[in-house]
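Dropping model_1.pdb in here (PDB, C-alpha atoms, pLDDT in the B column):
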```pdb
ATOM      1  CA  LEU U   8     -11.775 -40.759-103.995  1.00 48.00           C
ATOM      2  CA  SER U   9     -14.323 -43.538-104.102  1.00 43.00           C
ATOM      3  CA  ASP U  10     -14.726 -45.971-107.002  1.00 41.00           C
ATOM      4  CA  GLU U  11     -16.080 -43.077-109.076  1.00 45.00           C
ATOM      5  CA  ALA U  12     -12.509 -41.745-109.213  1.00 44.00           C
ATOM      6  CA  ASN U  13     -11.687 -44.152-112.030  1.00 45.00           C
ATOM      7  CA  GLY U  14     -14.162 -42.492-114.412  1.00 45.00           C
ATOM      8  CA  ASN U  15     -13.753 -39.333-116.422  1.00 50.00           C
ATOM      9  CA  ASN U  16     -16.662 -37.601-114.670  1.00 56.00           C
ATOM     10  CA  PHE U  17     -15.037 -37.607-111.242  1.00 58.00           C
ATOM     11  CA  VAL U  18     -16.068 -34.856-108.824  1.00 64.00           C
ATOM     12  CA  TYR U  19     -15.328 -34.202-105.199  1.00 66.00           C
ATOM     13  CA  LYS U  20     -18.541 -33.788-103.244  1.00 69.00           C
ATOM     14  CA  GLY U  21     -18.594 -30.668-101.109  1.00 66.00           C
ATOM     15  CA  ILE U  22     -16.123 -28.722-103.259  1.00 68.00           C
ATOM     16  CA  SER U  23     -17.487 -25.600-104.913  1.00 60.00           C
ATOM     17  CA  ALA U  24     -15.853 -26.059-108.326  1.00 55.00           C
ATOM     18  CA  ASN U  25     -14.943 -29.369-109.977  1.00 54.00           C
ATOM     19  CA  PRO U  26     -12.380 -28.840-111.438  1.00 52.00           C
ATOM     20  CA  PRO U  27     -11.230 -25.856-109.379  1.00 53.00           C
ATOM     21  CA  GLU U  28     -11.691 -22.378-110.835  1.00 55.00           C
ATOM     22  CA  ILE U  29      -7.925 -21.913-111.191  1.00 52.00           C
ATOM     23  CA  THR U  30      -7.791 -24.619-113.881  1.00 52.00           C
ATOM     24  CA  GLN U  31     -10.589 -22.970-115.828  1.00 52.00           C
ATOM     25  CA  ARG U  32      -8.671 -19.660-115.773  1.00 52.00           C
ATOM     26  CA  GLY U  33      -5.588 -21.475-117.087  1.00 52.00           C
ATOM     27  CA  ILE U  34      -7.540 -22.875-120.020  1.00 52.00           C
ATOM     28  CA  GLN U  35      -8.809 -19.386-120.827  1.00 57.00           C
ATOM     29  CA  ARG U  36      -5.145 -18.237-121.052  1.00 56.00           C
ATOM     30  CA  GLY U  37      -4.350 -21.048-123.484  1.00 56.00           C
ATOM     31  CA  ASN U  38      -2.866 -23.533-120.994  1.00 54.00           C
ATOM     32  CA  TYR U  39      -4.478 -26.831-121.864  1.00 51.00           C
ATOM     33  CA  ALA U  40      -2.655 -29.107-119.440  1.00 53.00           C
ATOM     34  CA  GLN U  41      -5.120 -30.742-117.106  1.00 57.00           C
ATOM     35  CA  LEU U  42      -4.679 -30.488-113.344  1.00 61.00           C
ATOM     36  CA  HIS U  43      -4.687 -33.983-111.890  1.00 65.00           C
ATOM     37  CA  ARG U  44      -7.723 -34.559-109.690  1.00 70.00           C
ATOM     38  CA  LYS U  45      -5.461 -35.485-106.763  1.00 75.00           C
ATOM     39  CA  ALA U  46      -4.421 -31.819-106.694  1.00 77.00           C
ATOM     40  CA  TRP U  47      -7.981 -30.419-106.717  1.00 81.00           C
ATOM     41  CA  LEU U  48      -8.334 -30.345-102.931  1.00 86.00           C
ATOM     42  CA  GLU U  49      -4.985 -28.600-102.490  1.00 87.00           C
ATOM     43  CA  VAL U  50      -5.754 -26.000-105.146  1.00 82.00           C
ATOM     44  CA  SER U  51      -9.319 -25.468-103.844  1.00 85.00           C
ATOM     45  CA  ASP U  52      -8.126 -25.001-100.256  1.00 89.00           C
ATOM     46  CA  LYS U  53      -7.679 -21.324 -99.382  1.00 87.00           C
ATOM     47  CA  TYR U  54      -4.701 -22.317 -97.198  1.00 90.00           C
ATOM     48  CA  HIS U  55      -3.216 -24.621 -99.915  1.00 89.00           C
ATOM     49  CA  ARG U  56      -2.561 -27.420 -97.431  1.00 92.00           C
ATOM     50  CA  TYR U  57      -0.705 -30.410 -98.844  1.00 89.00           C
ATOM     51  CA  GLY U  58      -3.041 -32.493-101.030  1.00 90.00           C
ATOM     52  CA  LYS U  59      -2.008 -35.884 -99.640  1.00 91.00           C
ATOM     53  CA  ASN U  60      -3.006 -34.762 -96.137  1.00 94.00           C
ATOM     54  CA  LEU U  61      -6.262 -33.205 -97.335  1.00 95.00           C
ATOM     55  CA  ARG U  62      -7.212 -36.452 -99.084  1.00 93.00           C
ATOM     56  CA  LEU U  63      -6.905 -38.328 -95.767  1.00 95.00           C
ATOM     57  CA  TYR U  64      -9.359 -35.889 -94.184  1.00 95.00           C
ATOM     58  CA  TYR U  65     -11.620 -36.001 -97.233  1.00 93.00           C
ATOM     59  CA  ARG U  66     -11.818 -39.816 -97.044  1.00 93.00           C
ATOM     60  CA  TYR U  67     -12.719 -39.550 -93.366  1.00 94.00           C
ATOM     61  CA  TRP U  68     -15.414 -36.954 -94.171  1.00 92.00           C
ATOM     62  CA  GLU U  69     -16.685 -39.348 -96.862  1.00 91.00           C
ATOM     63  CA  ARG U  70     -16.829 -42.259 -94.354  1.00 93.00           C
ATOM     64  CA  LEU U  71     -18.806 -40.028 -91.972  1.00 90.00           C
ATOM     65  CA  GLY U  72     -21.425 -39.630 -94.711  1.00 90.00           C
ATOM     66  CA  PHE U  73     -20.615 -36.008 -95.683  1.00 86.00           C
ATOM     67  CA  PRO U  74     -21.814 -34.446 -92.377  1.00 81.00           C
ATOM     68  CA  THR U  75     -21.815 -30.912 -93.793  1.00 79.00           C
ATOM     69  CA  ASN U  76     -22.643 -29.626 -97.240  1.00 79.00           C
ATOM     70  CA  GLN U  77     -19.107 -28.335 -97.915  1.00 86.00           C
ATOM     71  CA  PHE U  78     -15.923 -30.242 -97.092  1.00 89.00           C
ATOM     72  CA  PHE U  79     -13.880 -27.192 -96.092  1.00 90.00           C
ATOM     73  CA  ASP U  80     -16.677 -25.957 -93.805  1.00 87.00           C
ATOM     74  CA  TRP U  81     -16.491 -29.259 -91.948  1.00 88.00           C
ATOM     75  CA  LEU U  82     -12.695 -29.264 -91.933  1.00 91.00           C
ATOM     76  CA  ASP U  83     -12.238 -25.746 -90.615  1.00 89.00           C
ATOM     77  CA  SER U  84     -15.227 -24.370 -88.764  1.00 80.00           C
ATOM     78  CA  LYS U  85     -18.696 -25.940 -88.748  1.00 63.00           C
ATOM     79  CA  GLY U  86     -17.914 -28.409 -85.980  1.00 61.00           C
ATOM     80  CA  GLU U  87     -16.478 -25.686 -83.768  1.00 63.00           C
ATOM     81  CA  ALA U  88     -19.633 -23.612 -84.202  1.00 62.00           C
ATOM     82  CA  ALA U  89     -21.626 -26.611 -82.916  1.00 66.00           C
ATOM     83  CA  GLY U  90     -19.251 -27.089 -79.970  1.00 72.00           C
ATOM     84  CA  GLN U  91     -17.288 -29.924 -81.578  1.00 76.00           C
ATOM     85  CA  PRO U  92     -13.499 -29.918 -81.948  1.00 84.00           C
ATOM     86  CA  LEU U  93     -11.902 -29.585 -85.363  1.00 89.00           C
ATOM     87  CA  PRO U  94     -11.187 -32.958 -86.999  1.00 92.00           C
ATOM     88  CA  ASN U  95      -7.840 -34.403 -85.928  1.00 94.00           C
ATOM     89  CA  LEU U  96      -6.731 -37.711 -87.442  1.00 96.00           C
ATOM     90  CA  GLU U  97      -4.131 -40.026 -85.961  1.00 96.00           C
ATOM     91  CA  ASP U  98      -2.632 -40.719 -89.432  1.00 95.00           C
ATOM     92  CA  CYS U  99      -2.210 -36.979 -90.019  1.00 96.00           C
ATOM     93  CA  PRO U 100      -2.518 -34.844 -86.868  1.00 96.00           C
ATOM     94  CA  ARG U 101      -4.160 -31.464 -87.268  1.00 95.00           C
ATOM     95  CA  SER U 102      -0.844 -29.726 -86.565  1.00 94.00           C
ATOM     96  CA  VAL U 103       0.689 -31.486 -89.594  1.00 94.00           C
ATOM     97  CA  LEU U 104      -2.339 -30.779 -91.787  1.00 95.00           C
ATOM     98  CA  ASP U 105      -2.215 -27.075 -90.964  1.00 93.00           C
ATOM     99  CA  SER U 106       1.566 -26.638 -91.193  1.00 90.00           C
ATOM    100  CA  ASP U 107       2.327 -28.599 -94.385  1.00 88.00           C
ATOM    101  CA  THR U 108       1.311 -26.153 -97.088  1.00 87.00           C
ATOM    102  CA  VAL U 109       2.170 -25.443-100.702  1.00 83.00           C
ATOM    103  CA  LEU U 110       3.300 -21.981-101.700  1.00 80.00           C
ATOM    104  CA  TYR U 111       1.700 -20.752-104.917  1.00 77.00           C
ATOM    105  CA  ILE U 112       3.711 -17.901-106.388  1.00 78.00           C
ATOM    106  CA  SER U 113       1.836 -15.627-108.772  1.00 76.00           C
ATOM    107  CA  LYS U 114       4.070 -12.547-109.016  1.00 84.00           C
ATOM    108  CA  PRO U 115       6.060 -12.609-112.283  1.00 84.00           C
ATOM    109  CA  GLU U 116       9.116 -10.963-110.705  1.00 89.00           C
ATOM    110  CA  ILE U 117       9.329 -13.894-108.275  1.00 88.00           C
ATOM    111  CA  THR U 118       8.410 -16.726-110.648  1.00 88.00           C
ATOM    112  CA  GLU U 119      11.143 -15.644-113.086  1.00 90.00           C
ATOM    113  CA  GLY U 120      13.712 -16.777-110.523  1.00 91.00           C
ATOM    114  CA  TYR U 121      12.358 -20.341-110.770  1.00 92.00           C
ATOM    115  CA  ALA U 122      12.377 -20.571-114.586  1.00 93.00           C
ATOM    116  CA  LEU U 123      14.389 -23.457-116.006  1.00 94.00           C
ATOM    117  CA  ASP U 124      15.870 -24.145-119.396  1.00 92.00           C
ATOM    118  CA  ILE U 125      16.897 -27.369-121.090  1.00 89.00           C
ATOM    119  CA  VAL U 126      20.278 -27.562-122.805  1.00 91.00           C
ATOM    120  CA  CYS U 127      21.794 -30.468-124.701  1.00 88.00           C
ATOM    121  CA  ASN U 128      25.319 -31.747-124.142  1.00 82.00           C
ATOM    122  CA  GLU U 129      27.657 -33.159-126.804  1.00 85.00           C
ATOM    123  CA  GLU U 130      25.906 -36.553-126.743  1.00 88.00           C
ATOM    124  CA  GLY U 131      22.529 -34.906-127.329  1.00 87.00           C
ATOM    125  CA  ARG U 132      21.308 -35.539-123.791  1.00 88.00           C
ATOM    126  CA  GLY U 133      19.335 -32.755-122.171  1.00 88.00           C
ATOM    127  CA  LYS U 134      19.730 -31.313-118.701  1.00 88.00           C
ATOM    128  CA  PHE U 135      17.870 -28.642-116.792  1.00 89.00           C
ATOM    129  CA  ILE U 136      19.682 -25.451-115.870  1.00 92.00           C
ATOM    130  CA  ASP U 137      18.512 -22.638-113.611  1.00 92.00           C
ATOM    131  CA  VAL U 138      18.399 -18.908-114.386  1.00 91.00           C
ATOM    132  CA  ASP U 139      22.110 -18.604-113.529  1.00 92.00           C
ATOM    133  CA  GLY U 140      23.030 -21.343-116.021  1.00 92.00           C
ATOM    134  CA  SER U 141      23.850 -23.898-113.302  1.00 92.00           C
ATOM    135  CA  PRO U 142      22.625 -27.489-113.672  1.00 91.00           C
ATOM    136  CA  ILE U 143      19.935 -28.336-111.141  1.00 90.00           C
ATOM    137  CA  LYS U 144      20.416 -31.210-108.709  1.00 86.00           C
ATOM    138  CA  THR U 145      17.155 -32.632-107.428  1.00 83.00           C
ATOM    139  CA  GLY U 146      18.431 -34.301-104.235  1.00 77.00           C
ATOM    140  CA  GLN U 147      16.607 -36.673-101.887  1.00 80.00           C
ATOM    141  CA  GLU U 148      13.428 -34.651-101.298  1.00 77.00           C
ATOM    142  CA  GLY U 149      12.845 -34.141-105.013  1.00 80.00           C
ATOM    143  CA  TRP U 150      11.601 -31.080-106.841  1.00 84.00           C
ATOM    144  CA  ILE U 151       8.272 -29.587-107.854  1.00 83.00           C
ATOM    145  CA  PHE U 152       7.936 -28.757-111.555  1.00 83.00           C
ATOM    146  CA  VAL U 153       5.257 -26.585-113.134  1.00 82.00           C
ATOM    147  CA  LEU U 154       4.794 -25.921-116.823  1.00 80.00           C
ATOM    148  CA  ARG U 155       2.887 -22.680-117.341  1.00 78.00           C
ATOM    149  CA  ASP U 156       2.676 -20.338-120.320  1.00 78.00           C
ATOM    150  CA  ASN U 157       5.277 -22.453-122.162  1.00 82.00           C
ATOM    151  CA  VAL U 158       7.859 -21.998-119.395  1.00 87.00           C
ATOM    152  CA  MET U 159       9.110 -24.772-117.096  1.00 89.00           C
ATOM    153  CA  TYR U 160       9.517 -23.710-113.460  1.00 89.00           C
ATOM    154  CA  GLY U 161      11.125 -25.764-110.739  1.00 89.00           C
ATOM    155  CA  ALA U 162      12.012 -25.606-107.078  1.00 87.00           C
ATOM    156  CA  GLU U 163      13.223 -27.956-104.408  1.00 83.00           C
ATOM    157  CA  LYS U 164      10.368 -29.675-102.609  1.00 77.00           C
ATOM    158  CA  ILE U 165      10.287 -28.762 -98.932  1.00 71.00           C
ATOM    159  CA  THR U 166       8.047 -31.277 -97.194  1.00 60.00           C
ATOM    160  CA  SER U 167       7.731 -29.656 -93.795  1.00 53.00           C
ATOM    161  CA  ILE U 168       8.979 -26.616 -91.963  1.00 49.00           C
ATOM    162  CA  SER U 169       7.398 -27.568 -88.639  1.00 45.00           C
ATOM    163  CA  GLY U 170       9.982 -30.203 -87.720  1.00 41.00           C
ATOM    164  CA  HIS U 171       7.726 -33.235 -88.255  1.00 36.00           C
TER     165      HIS U 171
END
```

Would you mind giving the structure from this file in structure tokens?
Amino acid sequence: LSDEANGNNFVYKGISANPPEITQRGIQRGNYAQLHRKAWLEVSDKYHRYGKNLRLYYRYWERLGFPTNQFFDWLDSKGEAAGQPLPNLEDCPRSVLDSDTVLYISKPEITEGYALDIVCNEEGRGKFIDVDGSPIKTGQEGWIFVLRDNVMYGAEKITSISGH
């Protein structure tokens, strides 16, 4: 997230795997799309908290001079063990950080319901349709799209379920 982020050798300090292990497993399966480094924190987080929020906390941890060896140790527990409260930023309160999460679905019987197809109309323009053959409408919040194993998946983006 510092100036190093512009180079190809970017790494997050305090993260066990750069890039995260999940991307290496994808490459082994023949998926060669690269996970954008902005998503590394989200994917590396065992709770899969929203990456934008995690990056705010990571920048703060960076400004503090990396007070613990591992970012997620600092974020979730090390301070408490030393009698310090968990980090809580005004720009992203802890309650928002902990409640805004991304659901990663890995069961094939569930992911199949999110598979999309592209069909062309008479003018040759393509549109996405869902598993029922209905055109998708992305709406105001937008959608999340994932291309994995040569299948496009999509779902409506839900930004918060905590009422914030």

Original post:
What do you get, as a list of chain:residue names, if you spell out every residue that the PyMOL selection byres ((chain U and resi 158-162) around 8) selects here?
Top reply: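 That expression, the PyMOL selection byres ((chain U and resi 158-162) around 8), corresponds here to U:Thr118, U:Tyr121, U:Ala122, U:Leu123, U:Asp124, U:Trp150, U:Ile151, U:Phe152, U:Val153, U:Leu154, U:Arg155, U:Asp156, U:Asn157, U:Glu163, U:Lys164.
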
**OP:** Compile the contact shell of Lys59 of chain U as number ranges by chain: residues with an atom at most 10 Å away, counting only C-alpha atoms, same-chain residues fewer than 5 positions apart removed.
**Re:** U: 45-46, 48-49, 64-65, 99, 104, 107

Original post:
Evaluating the PyMOL selection byres ((chain U and resi 140) around 12) on the displayed file yields which residues, as an MDAnalysis selection string?
Top reply: chainID U and resid 120:126 134:139 141:143

With C-alpha atoms retained, write the just-selected residues as a PDB file, in the coordinates of the input.
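Below is the file that was written, part07.pdb:
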```pdb
ATOM      1  CA  GLY U 120      13.712 -16.777-110.523  1.00 91.00           C
ATOM      2  CA  TYR U 121      12.358 -20.341-110.770  1.00 92.00           C
ATOM      3  CA  ALA U 122      12.377 -20.571-114.586  1.00 93.00           C
ATOM      4  CA  LEU U 123      14.389 -23.457-116.006  1.00 94.00           C
ATOM      5  CA  ASP U 124      15.870 -24.145-119.396  1.00 92.00           C
ATOM      6  CA  ILE U 125      16.897 -27.369-121.090  1.00 89.00           C
ATOM      7  CA  VAL U 126      20.278 -27.562-122.805  1.00 91.00           C
ATOM      8  CA  LYS U 134      19.730 -31.313-118.701  1.00 88.00           C
ATOM      9  CA  PHE U 135      17.870 -28.642-116.792  1.00 89.00           C
ATOM     10  CA  ILE U 136      19.682 -25.451-115.870  1.00 92.00           C
ATOM     11  CA  ASP U 137      18.512 -22.638-113.611  1.00 92.00           C
ATOM     12  CA  VAL U 138      18.399 -18.908-114.386  1.00 91.00           C
ATOM     13  CA  ASP U 139      22.110 -18.604-113.529  1.00 92.00           C
ATOM     14  CA  SER U 141      23.850 -23.898-113.302  1.00 92.00           C
ATOM     15  CA  PRO U 142      22.625 -27.489-113.672  1.00 91.00           C
ATOM     16  CA  ILE U 143      19.935 -28.336-111.141  1.00 90.00           C
TER      17      ILE U 143
END
```

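Relative to atom CA of Glu116 of chain U, atom CA of Tyr54 of chain U is found at 22.4 Å.
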
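The space between atom CA of His55 of chain U and atom CA of Tyr111 of chain U spans 8.0 Å.
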
Original post:
Which of these, U:Cys127, U:Ile117, U:Leu61, U:Leu82, has the shortest distance to Val103 of chain U once you count all atoms listed in the file?
Top reply: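 Of the candidates, the smallest distance to Val103 of chain U is held by U:Leu61.
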
**OP:** Just give me the gap between atom CA of Asp52 of chain U and atom CA of Glu69 of chain U in Å, one decimal is fine.
**Re:**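 These two atoms are separated by 17.0 Å.
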
Original post:
Can you list what the PyMOL selection byres ((chain U and resi 95) around 12) grabs from this structure, as a list in words?
Top reply: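 What the PyMOL selection byres ((chain U and resi 95) around 12) grabs from the file is Asn60, Leu61, Leu63, Tyr64, Tyr67, Trp68, Trp81, Leu82, Asp83, Gly86, Gln91, Pro92, Leu93, Pro94, Leu96, Glu97, Asp98, Cys99, Pro100, Arg101, Ser102, Val103, Leu104 and Asp105 of chain U.
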
Provide segment 42-66 of chain U of the preceding structure as a file containing N, CA and C atoms, as a PDB file, in the first residue's frame.
```
ATOM      1  N   LEU U  42      -5.094 -12.697  -9.058  1.00  0.00           N
ATOM      2  CA  LEU U  42      -5.886 -11.991  -8.049  1.00  0.00           C
ATOM      3  C   LEU U  42      -5.259 -10.626  -7.828  1.00  0.00           C
ATOM      4  N   HIS U  43      -6.045  -9.589  -7.956  1.00  0.00           N
ATOM      5  CA  HIS U  43      -5.527  -8.235  -7.753  1.00  0.00           C
ATOM      6  C   HIS U  43      -5.045  -8.077  -6.317  1.00  0.00           C
ATOM      7  N   ARG U  44      -3.912  -7.407  -6.163  1.00  0.00           N
ATOM      8  CA  ARG U  44      -3.324  -7.283  -4.815  1.00  0.00           C
ATOM      9  C   ARG U  44      -4.239  -6.578  -3.821  1.00  0.00           C
ATOM     10  N   LYS U  45      -5.193  -5.779  -4.297  1.00  0.00           N
ATOM     11  CA  LYS U  45      -6.129  -5.139  -3.372  1.00  0.00           C
ATOM     12  C   LYS U  45      -7.007  -6.176  -2.675  1.00  0.00           C
ATOM     13  N   ALA U  46      -7.138  -7.355  -3.272  1.00  0.00           N
ATOM     14  CA  ALA U  46      -7.968  -8.405  -2.677  1.00  0.00           C
ATOM     15  C   ALA U  46      -7.168  -9.330  -1.759  1.00  0.00           C
ATOM     16  N   TRP U  47      -5.848  -9.200  -1.720  1.00  0.00           N
ATOM     17  CA  TRP U  47      -5.029 -10.126  -0.935  1.00  0.00           C
ATOM     18  C   TRP U  47      -5.384 -10.128   0.543  1.00  0.00           C
ATOM     19  N   LEU U  48      -5.616  -8.961   1.118  1.00  0.00           N
ATOM     20  CA  LEU U  48      -5.951  -8.916   2.549  1.00  0.00           C
ATOM     21  C   LEU U  48      -7.262  -9.640   2.807  1.00  0.00           C
ATOM     22  N   GLU U  49      -8.261  -9.362   1.983  1.00  0.00           N
ATOM     23  CA  GLU U  49      -9.574  -9.998   2.143  1.00  0.00           C
ATOM     24  C   GLU U  49      -9.487 -11.516   2.031  1.00  0.00           C
ATOM     25  N   VAL U  50      -8.752 -11.993   1.048  1.00  0.00           N
ATOM     26  CA  VAL U  50      -8.620 -13.431   0.836  1.00  0.00           C
ATOM     27  C   VAL U  50      -7.791 -14.071   1.948  1.00  0.00           C
ATOM     28  N   SER U  51      -6.774 -13.356   2.439  1.00  0.00           N
ATOM     29  CA  SER U  51      -5.901 -13.884   3.500  1.00  0.00           C
ATOM     30  C   SER U  51      -6.578 -13.893   4.868  1.00  0.00           C
ATOM     31  N   ASP U  52      -7.582 -13.060   5.043  1.00  0.00           N
ATOM     32  CA  ASP U  52      -8.269 -12.929   6.328  1.00  0.00           C
ATOM     33  C   ASP U  52      -9.176 -14.138   6.567  1.00  0.00           C
ATOM     34  N   LYS U  53      -9.002 -14.805   7.694  1.00  0.00           N
ATOM     35  CA  LYS U  53      -9.829 -15.993   7.962  1.00  0.00           C
ATOM     36  C   LYS U  53     -11.308 -15.652   8.091  1.00  0.00           C
ATOM     37  N   TYR U  54     -11.628 -14.383   8.365  1.00  0.00           N
ATOM     38  CA  TYR U  54     -13.032 -13.963   8.458  1.00  0.00           C
ATOM     39  C   TYR U  54     -13.531 -13.371   7.136  1.00  0.00           C
ATOM     40  N   HIS U  55     -12.650 -13.183   6.154  1.00  0.00           N
ATOM     41  CA  HIS U  55     -12.967 -12.596   4.850  1.00  0.00           C
ATOM     42  C   HIS U  55     -13.702 -11.262   4.989  1.00  0.00           C
ATOM     43  N   ARG U  56     -13.154 -10.400   5.862  1.00  0.00           N
ATOM     44  CA  ARG U  56     -13.714  -9.051   5.993  1.00  0.00           C
ATOM     45  C   ARG U  56     -13.427  -8.273   4.712  1.00  0.00           C
ATOM     46  N   TYR U  57     -14.284  -7.329   4.429  1.00  0.00           N
ATOM     47  CA  TYR U  57     -14.251  -6.548   3.195  1.00  0.00           C
ATOM     48  C   TYR U  57     -12.884  -5.891   3.015  1.00  0.00           C
ATOM     49  N   GLY U  58     -12.266  -6.104   1.850  1.00  0.00           N
ATOM     50  CA  GLY U  58     -10.911  -5.643   1.583  1.00  0.00           C
ATOM     51  C   GLY U  58     -10.698  -4.153   1.748  1.00  0.00           C
ATOM     52  N   LYS U  59     -11.653  -3.344   1.332  1.00  0.00           N
ATOM     53  CA  LYS U  59     -11.509  -1.885   1.453  1.00  0.00           C
ATOM     54  C   LYS U  59     -11.344  -1.486   2.923  1.00  0.00           C
ATOM     55  N   ASN U  60     -12.100  -2.120   3.803  1.00  0.00           N
ATOM     56  CA  ASN U  60     -11.996  -1.823   5.232  1.00  0.00           C
ATOM     57  C   ASN U  60     -10.667  -2.324   5.798  1.00  0.00           C
ATOM     58  N   LEU U  61     -10.268  -3.517   5.393  1.00  0.00           N
ATOM     59  CA  LEU U  61      -8.992  -4.066   5.868  1.00  0.00           C
ATOM     60  C   LEU U  61      -7.823  -3.194   5.439  1.00  0.00           C
ATOM     61  N   ARG U  62      -7.886  -2.625   4.236  1.00  0.00           N
ATOM     62  CA  ARG U  62      -6.789  -1.765   3.780  1.00  0.00           C
ATOM     63  C   ARG U  62      -6.670  -0.512   4.625  1.00  0.00           C
ATOM     64  N   LEU U  63      -7.776   0.021   5.132  1.00  0.00           N
ATOM     65  CA  LEU U  63      -7.705   1.172   6.050  1.00  0.00           C
ATOM     66  C   LEU U  63      -6.929   0.792   7.318  1.00  0.00           C
ATOM     67  N   TYR U  64      -7.232  -0.365   7.866  1.00  0.00           N
ATOM     68  CA  TYR U  64      -6.545  -0.828   9.071  1.00  0.00           C
ATOM     69  C   TYR U  64      -5.085  -1.162   8.774  1.00  0.00           C
ATOM     70  N   TYR U  65      -4.837  -1.718   7.590  1.00  0.00           N
ATOM     71  CA  TYR U  65      -3.458  -2.049   7.227  1.00  0.00           C
ATOM     72  C   TYR U  65      -2.622  -0.772   7.127  1.00  0.00           C
ATOM     73  N   ARG U  66      -3.167   0.264   6.502  1.00  0.00           N
ATOM     74  CA  ARG U  66      -2.439   1.543   6.394  1.00  0.00           C
ATOM     75  C   ARG U  66      -2.139   2.115   7.776  1.00  0.00           C
TER      76      ARG U  66
END
```
